[in-house]
Each structure stands twice: as structure tokens, then as C-alpha cells.
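Student: Shown below is the structure under consideration.
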Amino acid sequence: MVNLALTQVGYKEGANNYNKYAEQTPGIQVDWAIYGPWCQSFISWLAWKTDNRDIIPATASCSVCTDYYKQRSAFNRSPRVGSLAMFGSEGGTHVELVIGVFNGGRDIEVVGGNTREYPAPNGDGVYRKTYRNWASTTRILGFGHPAYSGAGVVHDSGGSSGKYKIKAGQTLGGIAAVLGVTLASLLAANPQISDPDHVQEGQEVTVPAKPSEKPKPPAKDSDETSTPSPAPEPESATGTYTVRSGDSLSAVARAHGMSLARLLALNPGITDPDVIAAGQALKVTGTPRPVPSTGDSGRSKTPPPKPAPRPGPAKPGADWTERFDRIDQELREVKGELSKIKDRVKGNPEPKQPEPHKPVEPPAPTKPTKPEPVRPVMPDVSKPTDIPVVPQQVIPTPEVKSAA
């Protein structure tokens with residue numbers, strides 16, 4: 001698994017989110033997987049190619065994969081090499097393969113598909129990256145642990161502890177996590193190792209006994225056939241359930257006391273477990289209980305669950321994914337409130353508001369008329385009296401002749 005995953009680093013998706021992994025993996029060769037989010041398809045392809053399909057479900061849904069390991073008590077927050085890191089509040093957002101564990105499990109190295117370079121969780125190809133202090137800097141919910149056979153351990157003929165052959169890139173801390181023992185006990189069993197951070201490929205170390213080893217998954221899981229189905233054969237449906245606004249398949253499964261995998265098996269028409277529509281009829285089993293819903297349809301008197309408390313402000317230096325998780329939670333709450341308001345508006349439409357009365361505008365004031373200027377009264381001017389004009393007589397002057 002790890003070696004094959006490393007050969008895929010650098011692969012890039014094609015147009016319209018096309019990926020070869022869903023197209024080449026039996027059981028998930030459908031358009032929504034070939035041209036949709038493909039991080040889980042990448043894991044299913046690795047399992048199919050390495051003949052691990054009996055311990056890793058052939059699915060394109062991260063939710064189905066998370067439920068698969070929870071049902072087998074093989075899901076916790078302790079990373080191991082070969083574990084599947086499941087992201088999101090319910091483990092249904094993203095998945096990556098753990099290829100290295102360091103510093104007592106605080107740091108991990110992964111290879112994931114449909115991602116990009118750290119810190120972005122989603123992207124366009126297969127990348128190899130390291131998460132420092134993953135518990136506080138990522139949105140990893142936990143780790144699914146496939147029941148690999150051998151896990152690289154070479155058992156001695158006369159002893160219960162055995163030997164482990166170190167692989168390239170491994171450290172004692174990562175080996176301890178793989179074997180399920182503490183680093184201190186591993187060092188105590190190998191006094192020849194003076195520096196736990198410097199070991200060589202091919203070197204064999206003694207594996208200490210595990211007195212407090214947790215029990216392995218039930219034996220019935222090991223007897224299962226090598227089918228890609230993540231759930232046992234479902235029993236016959238005992239009824240139907242009509243999807244309401246705000247429902248999810250996980251919530252419907254819990255309300256009827258059944259697993260998500262069984263619900264999907266009873267309803268093979270569902271191709272995408274993350275997409276269901278209000279009014280859709282589902283086949284169910286078990287005794288129904290009220291389904292928590294963000295809608296306010298009035299079908300159940302059970303109050304909706306209280307939203308989880310909002311996380312406080314991010315500490316200085318915290319990864320941006322913490323803020324993304326908080327924003328994601330707030331968006332879900334807002335979506336629930338909007339759904340309630342929408343249902344209330346449908347049942348009781350608001351009356352039409354009358355148009356506001358427009359005030360009557362007062363008449364414009366008239367402009368004052370300009371008074372005519374008063375003309376001054378001119379006094380009468382006395383006219384001269386009429387005096388008769390006497391014509392003047394012209395008296396001719398006698399011509400005086402000179403004496404010759």
C-alpha cells in the first residue's frame with residue numbers, strides 16, 4: 001500500500017475532476033466517482049491493486065469508509081503506518097494514507113489523492129506531506145486501522161516477541177506505533193540502539209511483548225469473504241421512511257437503530273450517500289425513532305439537538321484549518337436556521353404589506369408681486385403768453401451814382 005502510494009505522487013486529475021482511480025476500480029466505476037471528489041477512490045484503488053480489498057472497503061465515500069472501521073472497533077485517534085486518516089466532523093470529508101508516524105504519534109506523514117501541498121486539504125492531485133502536531137493543526141477525526149497481515153514482522157521460532165525489519169524512511173517512534181508498543185519498551189528490548197532517530201533500512205529490531213495489548217477485532221471479521229462490500233448482508237426492510245428537509249443518511253440510520261452501510265445496502269438506488277432529497281422514500285429496518293432534523297415540519301415533538309458549542313478564538317499560530325472548522329460549524333447552524341424560517345414562511349405566508357401613504361405636498365408659495373414704481377407728479381409749467389410778431393419793413397437804400 002505505502003510503496004504503491006508513493007509511486008502515484010505527482011499524478012494530476014484531468015478535466016472536470018476526471019481521475020483514473022475510480023475508473024479502474026471495480027465497484028465504483030460510476031460517473032459521479034470518476035468525475036467527482038476522488039480521495040476515497042484513490043484509497044480503494046490502492047487496496048484493489050495490493051490485494052487488500054478484504055480489509056479496505058471498495059467505495060468512493062469517506063463516510064462509508066469511516067463507518068466500516070467504527071463497526072469493527074478499529075477506529076481511534078492513534079495513528080499507525082498504513083492507517084487511513086479520516087477528515088471532517090464525522091469523518092466524511094477527506095481521507096489520506098499514513099506512511100510515517102513520528103514524535104510519539106504527534107507528527108504524521110501521509111500520501112493523499114484529490115489534495116495539494118500542505119496545509120490545503122483538497123486539491124488536484126496526489127501529494128506527499130507531513131502534518132506537525134496533527135491533533136491541533138488538522139481536521140482529522142481519527143484513524144481507521146485495516147487488519148493487515150504480518151505488518152512486516154518476522155516471527156522467531158522460539159519466542160513470542162519476534163523481529164521487525166526496518167524499512168526505508170522509518171524511525172523507532174514510527175515502528176513502535178506500527179507494532180502497538182511504547183518507544184521506551186522498544187528501546188529497552190534493543191539496548192544496542194544508542195540513537196533512536198538513526199536506524200538503517202534492513203536492520204532487525206526485537207519486538208517487545210505486549211502484556212496490555214488490546215484485543216483484536218472479532219474473529220467473524222477475519223472469516224468474511226474478500227468482497228468490497230463494507231457491511232454484512234442486510235436483513236429485509238421492515239418499513240419506509242420519507243426524507244425530511246435537513247435529514248442525512250447517518251441521522252436516518254441512527255434513528256432506526258441500523259448502520260449506514262446497511263441503510264445503503266437496502267437502498268441501492270442511492271449513488272451518492274451525501275446527497276438525498278426531501279420527500280425521498282428510504283427502505284429501513286428496526287424500530288423508528290425521531291430523526292434529528294434542522295427543519296421544523298412538526299412531525300416530531302422531540303426538540304432538535306442543541307448545536308455544539310462554538311470553539312473559542314484560534315490561538316496564535318494555530319493552523320487555518322481550525323478557523324475553517326469553526327466557519328463550517330457556523331455555516332451549518334445558519335443553514336439550519338434558514339431552513340426553519342423557510343418552513344415557517346411556507347406554512348404561514350406573511351400578509352401583503354400596504355403601500356405607504358405618500359404625504360400631500362403643500363402648495364408652493366406664491367411669489368410676491370413687485371409694486372409698480374410711483375411716478376413723481378410733475379408740476380404744471382406755465383406757458384408763455386402769445387405775443388404777436390410784427391413783421392419788419394425793409395426800406396430800400398437809394399442807389400448813389402458817382403459823378404463821372
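FYI, nothing fancy with the C-alpha cells labels: chains A, B, ... in order, residues from 1 per chain, ligands from 1 as they appear.
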Among stretch 12-69 of chain A, which ones does DSSP assign to helix (DSSP H, G or I) (computed from the backbone)? Answer as an MDAnalysis selection string.

Tutor: chainID A and resid 15:17 20:23 31:34 39:49 62:69

Student: Residues near A:Val284, anyone? I mean within 8 Å using only C-alpha atoms, not counting same-chain ones fewer than 4 positions away, as a PDB file with N, CA, C and O atoms, in the first residue's frame.

Tutor:
ATOM      1  N   ALA A 237     -36.165  -5.244   4.594  1.00  0.00           N
ATOM      2  CA  ALA A 237     -36.688  -3.977   5.098  1.00  0.00           C
ATOM      3  C   ALA A 237     -38.021  -4.207   5.812  1.00  0.00           C
ATOM      4  O   ALA A 237     -38.822  -5.058   5.416  1.00  0.00           O
ATOM      5  N   THR A 238     -38.251  -3.468   6.883  1.00  0.00           N
ATOM      6  CA  THR A 238     -39.494  -3.585   7.636  1.00  0.00           C
ATOM      7  C   THR A 238     -40.381  -2.368   7.477  1.00  0.00           C
ATOM      8  O   THR A 238     -41.461  -2.306   8.052  1.00  0.00           O
ATOM      9  N   GLY A 239     -39.947  -1.391   6.727  1.00  0.00           N
ATOM     10  CA  GLY A 239     -40.757  -0.193   6.545  1.00  0.00           C
ATOM     11  C   GLY A 239     -40.043   0.801   5.662  1.00  0.00           C
ATOM     12  O   GLY A 239     -38.971   0.521   5.109  1.00  0.00           O
ATOM     13  N   THR A 240     -40.652   1.959   5.512  1.00  0.00           N
ATOM     14  CA  THR A 240     -40.066   3.032   4.723  1.00  0.00           C
ATOM     15  C   THR A 240     -40.032   4.310   5.548  1.00  0.00           C
ATOM     16  O   THR A 240     -40.794   4.463   6.509  1.00  0.00           O
ATOM     17  N   TYR A 241     -39.145   5.181   5.160  1.00  0.00           N
ATOM     18  CA  TYR A 241     -39.033   6.478   5.824  1.00  0.00           C
ATOM     19  C   TYR A 241     -38.944   7.548   4.739  1.00  0.00           C
ATOM     20  O   TYR A 241     -38.210   7.400   3.760  1.00  0.00           O
ATOM     21  N   ALA A 253     -30.144   6.493   9.701  1.00  0.00           N
ATOM     22  CA  ALA A 253     -29.675   5.175  10.146  1.00  0.00           C
ATOM     23  C   ALA A 253     -29.677   5.072  11.669  1.00  0.00           C
ATOM     24  O   ALA A 253     -30.148   4.077  12.248  1.00  0.00           O
ATOM     25  N   HIS A 256     -33.117   4.652  13.278  1.00  0.00           N
ATOM     26  CA  HIS A 256     -33.753   3.339  13.114  1.00  0.00           C
ATOM     27  C   HIS A 256     -32.896   2.201  13.656  1.00  0.00           C
ATOM     28  O   HIS A 256     -33.150   1.027  13.380  1.00  0.00           O
ATOM     29  N   LEU A 263     -28.163   0.663   5.664  1.00  0.00           N
ATOM     30  CA  LEU A 263     -29.138   1.524   5.017  1.00  0.00           C
ATOM     31  C   LEU A 263     -28.819   1.676   3.533  1.00  0.00           C
ATOM     32  O   LEU A 263     -29.708   1.663   2.682  1.00  0.00           O
ATOM     33  N   LEU A 266     -29.804  -1.471   1.650  1.00  0.00           N
ATOM     34  CA  LEU A 266     -31.241  -1.597   1.425  1.00  0.00           C
ATOM     35  C   LEU A 266     -31.740  -0.645   0.343  1.00  0.00           C
ATOM     36  O   LEU A 266     -32.838  -0.827  -0.185  1.00  0.00           O
TER      37      LEU A 266
END

Student: Have a look at A:Arg139, A:Arg254, A:Pro208, A:Ser44 and name the one nearest to A:Pro57; count only C-alpha atoms.

Tutor: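 So, comparing all the options, the nearest one is A:Ser44.
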
Student: Residues near A:Glu201, anyone? I mean within 6 Å using only C-alpha atoms, not counting same-chain ones fewer than 4 positions away, as a list in words.

Tutor: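 Listing them by chain and then by number gives Ile166, Lys167 and Ala168 of chain A.
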
Student: Store the residues picked out above in a file with C-alpha atoms, as a PDB file, in the first residue's frame.

Tutor:
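Output file again08.pdb follows:
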ATOM      1  CA  ILE A 166      13.149  -1.734   9.326  1.00  0.00           C
ATOM      2  CA  LYS A 167      12.008  -0.181   6.047  1.00  0.00           C
ATOM      3  CA  ALA A 168      13.320   2.909   4.293  1.00  0.00           C
TER       4      ALA A 168
END

Student: Env of A:Ala47: 10 Å cut, atoms = only C-alpha atoms, seq-sep filter 2 positions within chain, self excluded. Answer as a list in words.

Tutor: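 Contacts, with the query itself left out: Met1, Leu4, Thr25, Ser41, Phe42, Ile43, Ser44, Trp45, Lys49, Thr50, Asp51, Asn52, Arg53, Asp54, Ile55, Ile56, Pro57, Ala58 and Pro228 of chain A.
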
Student: Create the file for the chosen residues now, containing all heavy atoms and written as a compact mmCIF listing (two decimals), in the first residue's frame.

Tutor:
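Result went into part_15.txt, see below:
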# COMPACT_ATOMS: atom_id res chain seq x y z
N MET A 1 0.83 -1.20 0.00
CA MET A 1 0.00 0.00 0.00
C MET A 1 0.87 1.26 0.00
O MET A 1 0.70 2.14 -0.83
CB MET A 1 -0.92 0.01 1.23
CG MET A 1 -2.11 -0.93 1.14
SD MET A 1 -3.49 -0.24 0.20
CE MET A 1 -4.04 1.06 1.28
N LEU A 4 3.14 1.52 -3.19
CA LEU A 4 2.35 1.86 -4.38
C LEU A 4 1.87 3.30 -4.31
O LEU A 4 1.87 4.01 -5.32
CB LEU A 4 1.16 0.90 -4.51
CG LEU A 4 0.25 1.14 -5.72
CD1 LEU A 4 1.03 1.02 -7.02
CD2 LEU A 4 -0.93 0.17 -5.69
N THR A 25 -11.26 0.83 -10.70
CA THR A 25 -11.57 0.04 -9.51
C THR A 25 -12.97 -0.55 -9.61
O THR A 25 -13.95 0.19 -9.65
CB THR A 25 -11.48 0.90 -8.24
OG1 THR A 25 -10.19 1.52 -8.18
CG2 THR A 25 -11.70 0.06 -6.99
N SER A 41 -11.61 7.17 -3.60
CA SER A 41 -11.39 6.29 -4.76
C SER A 41 -9.91 5.92 -4.88
O SER A 41 -9.57 4.80 -5.26
CB SER A 41 -11.87 6.97 -6.04
OG SER A 41 -13.25 7.25 -5.99
N PHE A 42 -9.03 6.86 -4.56
CA PHE A 42 -7.59 6.60 -4.58
C PHE A 42 -7.22 5.50 -3.58
O PHE A 42 -6.46 4.57 -3.91
CB PHE A 42 -6.84 7.89 -4.26
CG PHE A 42 -5.34 7.72 -4.10
CD1 PHE A 42 -4.55 7.27 -5.15
CD2 PHE A 42 -4.73 8.01 -2.89
CE1 PHE A 42 -3.18 7.12 -4.99
CE2 PHE A 42 -3.35 7.86 -2.74
CZ PHE A 42 -2.58 7.42 -3.78
N ILE A 43 -7.78 5.56 -2.36
CA ILE A 43 -7.52 4.53 -1.35
C ILE A 43 -8.07 3.17 -1.81
O ILE A 43 -7.42 2.14 -1.66
CB ILE A 43 -8.13 4.94 -0.01
CG1 ILE A 43 -7.50 6.25 0.49
CG2 ILE A 43 -7.96 3.84 1.03
CD1 ILE A 43 -6.03 6.19 0.77
N SER A 44 -9.29 3.18 -2.38
CA SER A 44 -9.88 1.92 -2.86
C SER A 44 -9.05 1.32 -3.98
O SER A 44 -8.89 0.10 -4.07
CB SER A 44 -11.32 2.18 -3.33
OG SER A 44 -12.13 2.64 -2.26
N TRP A 45 -8.50 2.17 -4.84
CA TRP A 45 -7.63 1.69 -5.92
C TRP A 45 -6.36 1.05 -5.36
O TRP A 45 -5.93 -0.01 -5.83
CB TRP A 45 -7.29 2.86 -6.83
CG TRP A 45 -6.42 2.54 -8.00
CD1 TRP A 45 -6.80 2.05 -9.22
CD2 TRP A 45 -4.99 2.69 -8.07
NE1 TRP A 45 -5.71 1.89 -10.04
CE2 TRP A 45 -4.58 2.28 -9.37
CE3 TRP A 45 -4.03 3.12 -7.17
CZ2 TRP A 45 -3.25 2.29 -9.77
CZ3 TRP A 45 -2.69 3.15 -7.58
CH2 TRP A 45 -2.31 2.75 -8.85
N LYS A 49 -5.29 -2.87 -5.94
CA LYS A 49 -4.05 -3.22 -6.60
C LYS A 49 -3.12 -4.05 -5.70
O LYS A 49 -2.30 -4.83 -6.20
CB LYS A 49 -3.31 -1.95 -7.04
CG LYS A 49 -3.98 -1.20 -8.18
CD LYS A 49 -3.89 -1.96 -9.48
CE LYS A 49 -4.43 -1.15 -10.64
NZ LYS A 49 -4.31 -1.86 -11.94
N THR A 50 -3.23 -3.89 -4.38
CA THR A 50 -2.34 -4.61 -3.44
C THR A 50 -3.05 -5.78 -2.78
O THR A 50 -2.54 -6.32 -1.79
CB THR A 50 -1.82 -3.64 -2.37
OG1 THR A 50 -2.92 -3.04 -1.68
CG2 THR A 50 -0.96 -2.55 -2.99
N ASP A 51 -4.22 -6.16 -3.29
CA ASP A 51 -4.97 -7.29 -2.77
C ASP A 51 -5.34 -7.10 -1.30
O ASP A 51 -5.28 -8.03 -0.49
CB ASP A 51 -4.18 -8.59 -2.95
CG ASP A 51 -5.07 -9.83 -2.88
OD1 ASP A 51 -6.28 -9.69 -3.15
OD2 ASP A 51 -4.55 -10.91 -2.52
N ASN A 52 -5.72 -5.88 -0.95
CA ASN A 52 -6.19 -5.59 0.42
C ASN A 52 -7.67 -5.20 0.43
O ASN A 52 -8.14 -4.58 1.37
CB ASN A 52 -5.36 -4.44 1.02
CG ASN A 52 -3.99 -4.89 1.48
OD1 ASN A 52 -3.86 -5.86 2.23
ND2 ASN A 52 -2.96 -4.21 1.02
N ARG A 53 -8.41 -5.59 -0.62
CA ARG A 53 -9.80 -5.20 -0.71
C ARG A 53 -10.70 -5.92 0.30
O ARG A 53 -11.86 -5.55 0.44
CB ARG A 53 -10.32 -5.44 -2.12
CG ARG A 53 -10.10 -6.83 -2.68
CD ARG A 53 -10.50 -6.87 -4.15
NE ARG A 53 -10.25 -8.16 -4.77
CZ ARG A 53 -9.10 -8.52 -5.32
NH1 ARG A 53 -8.09 -7.67 -5.32
NH2 ARG A 53 -8.94 -9.71 -5.87
N ASP A 54 -10.16 -6.95 0.98
CA ASP A 54 -10.96 -7.61 2.02
C ASP A 54 -10.89 -6.88 3.36
O ASP A 54 -11.66 -7.18 4.28
CB ASP A 54 -10.53 -9.07 2.20
CG ASP A 54 -9.05 -9.19 2.53
OD1 ASP A 54 -8.29 -8.26 2.17
OD2 ASP A 54 -8.66 -10.20 3.16
N ILE A 55 -9.96 -5.92 3.49
CA ILE A 55 -9.83 -5.18 4.74
C ILE A 55 -10.01 -3.67 4.54
O ILE A 55 -9.99 -2.91 5.51
CB ILE A 55 -8.46 -5.44 5.41
CG1 ILE A 55 -7.32 -5.09 4.45
CG2 ILE A 55 -8.35 -6.88 5.87
CD1 ILE A 55 -5.93 -5.19 5.07
N ILE A 56 -10.19 -3.23 3.29
CA ILE A 56 -10.46 -1.84 2.97
C ILE A 56 -11.66 -1.83 2.02
O ILE A 56 -11.60 -2.45 0.96
CB ILE A 56 -9.26 -1.14 2.32
CG1 ILE A 56 -8.08 -1.10 3.30
CG2 ILE A 56 -9.62 0.28 1.89
CD1 ILE A 56 -6.81 -0.51 2.71
N PRO A 57 -12.75 -1.15 2.35
CA PRO A 57 -13.95 -1.22 1.51
C PRO A 57 -13.73 -0.54 0.16
O PRO A 57 -13.07 0.49 0.07
CB PRO A 57 -15.01 -0.48 2.34
CG PRO A 57 -14.23 0.45 3.21
CD PRO A 57 -12.95 -0.28 3.54
N ALA A 58 -14.29 -1.14 -0.88
CA ALA A 58 -14.26 -0.54 -2.21
C ALA A 58 -15.40 0.45 -2.31
O ALA A 58 -16.54 0.10 -2.58
CB ALA A 58 -14.39 -1.61 -3.29
N PRO A 228 -15.86 -6.38 -1.70
CA PRO A 228 -15.65 -4.97 -1.38
C PRO A 228 -16.75 -4.36 -0.54
O PRO A 228 -16.64 -3.23 -0.14
CB PRO A 228 -15.61 -4.31 -2.77
CG PRO A 228 -16.42 -5.20 -3.63
CD PRO A 228 -16.17 -6.60 -3.12

Student: With distances taken over only C-alpha atoms, which of A:Gly202, A:Gly36, A:Gly144, A:Gly88 is nearest to A:Asp328?

Tutor: A:Gly88

Student: Which residue is closest to A:Phe87? Choose from A:Asn3, A:Thr171, A:Ser245, A:Asn122 and count only C-alpha atoms.

Tutor: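 Of A:Asn3, A:Thr171, A:Ser245, A:Asn122, the one nearest A:Phe87, counting only C-alpha atoms, is A:Asn122.
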
Student: Name the closest residue to A:Leu46 among the candidates A:Tyr164, A:Tyr21, A:Phe143, A:Phe75; distances are taken between atoms, counting only C-alpha atoms.

Tutor: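 Of A:Tyr164, A:Tyr21, A:Phe143, A:Phe75, the one nearest A:Leu46 is A:Tyr21, counting only C-alpha atoms.
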
Student: I'd like to know which of A:Leu6, A:Ile270, A:Gly246, A:Leu183 is closest to A:Ser61, using only C-alpha atoms.

Tutor: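 Distance minimum relative to A:Ser61 lands on A:Ile270.
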
Student: Any idea what's packed within 12 Å of A:Arg80, counting only C-alpha atoms, ignoring anything in its chain fewer than 5 positions away? Could you give it as a compact mmCIF listing (two decimals) with C-alpha atoms, in the first residue's frame?

Tutor:
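Output contents, as saved in around_38.txt:
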# COMPACT_ATOMS: atom_id res chain seq x y z
CA VAL A 2 2.63 2.54 1.09
CA ALA A 74 -10.88 -0.40 14.50
CA PHE A 75 -11.21 3.39 14.62
CA ALA A 85 -6.66 9.37 8.32
CA LEU A 97 -2.93 7.15 3.87
CA VAL A 98 -0.48 7.36 6.81
CA ILE A 99 3.06 6.39 5.71
CA GLY A 100 5.01 7.61 8.75
CA VAL A 101 4.47 8.34 12.46
CA PHE A 102 6.93 10.45 14.49
CA GLY A 104 5.25 9.63 19.80
CA GLY A 105 2.41 9.95 17.31
CA ARG A 106 2.22 13.75 17.36
CA ASP A 107 3.52 14.12 13.79
CA ILE A 108 2.49 12.04 10.79
CA GLU A 109 3.48 11.74 7.13
CA VAL A 110 0.75 10.97 4.60
CA GLY A 142 -9.48 9.72 13.71
CA PHE A 143 -7.79 6.79 12.02
CA GLY A 144 -9.23 3.62 10.51
CA HIS A 145 -6.92 0.64 11.00
CA PRO A 146 -7.05 -2.07 8.30
CA ALA A 147 -6.19 -5.53 9.65
CA TYR A 148 -3.03 -6.03 7.58
CA ALA A 151 2.75 -5.83 9.03
CA GLN A 170 11.13 4.62 9.21
CA GLY A 173 8.90 6.04 17.02
CA GLY A 174 7.03 5.08 13.87
CA ILE A 175 7.88 1.39 14.30
CA ALA A 176 6.60 1.48 17.89
CA ALA A 177 3.31 2.95 16.67
CA VAL A 178 3.01 0.26 13.99
CA LEU A 179 3.65 -2.54 16.49
CA GLY A 180 1.41 -1.04 19.17
CA VAL A 181 4.16 -0.76 21.79
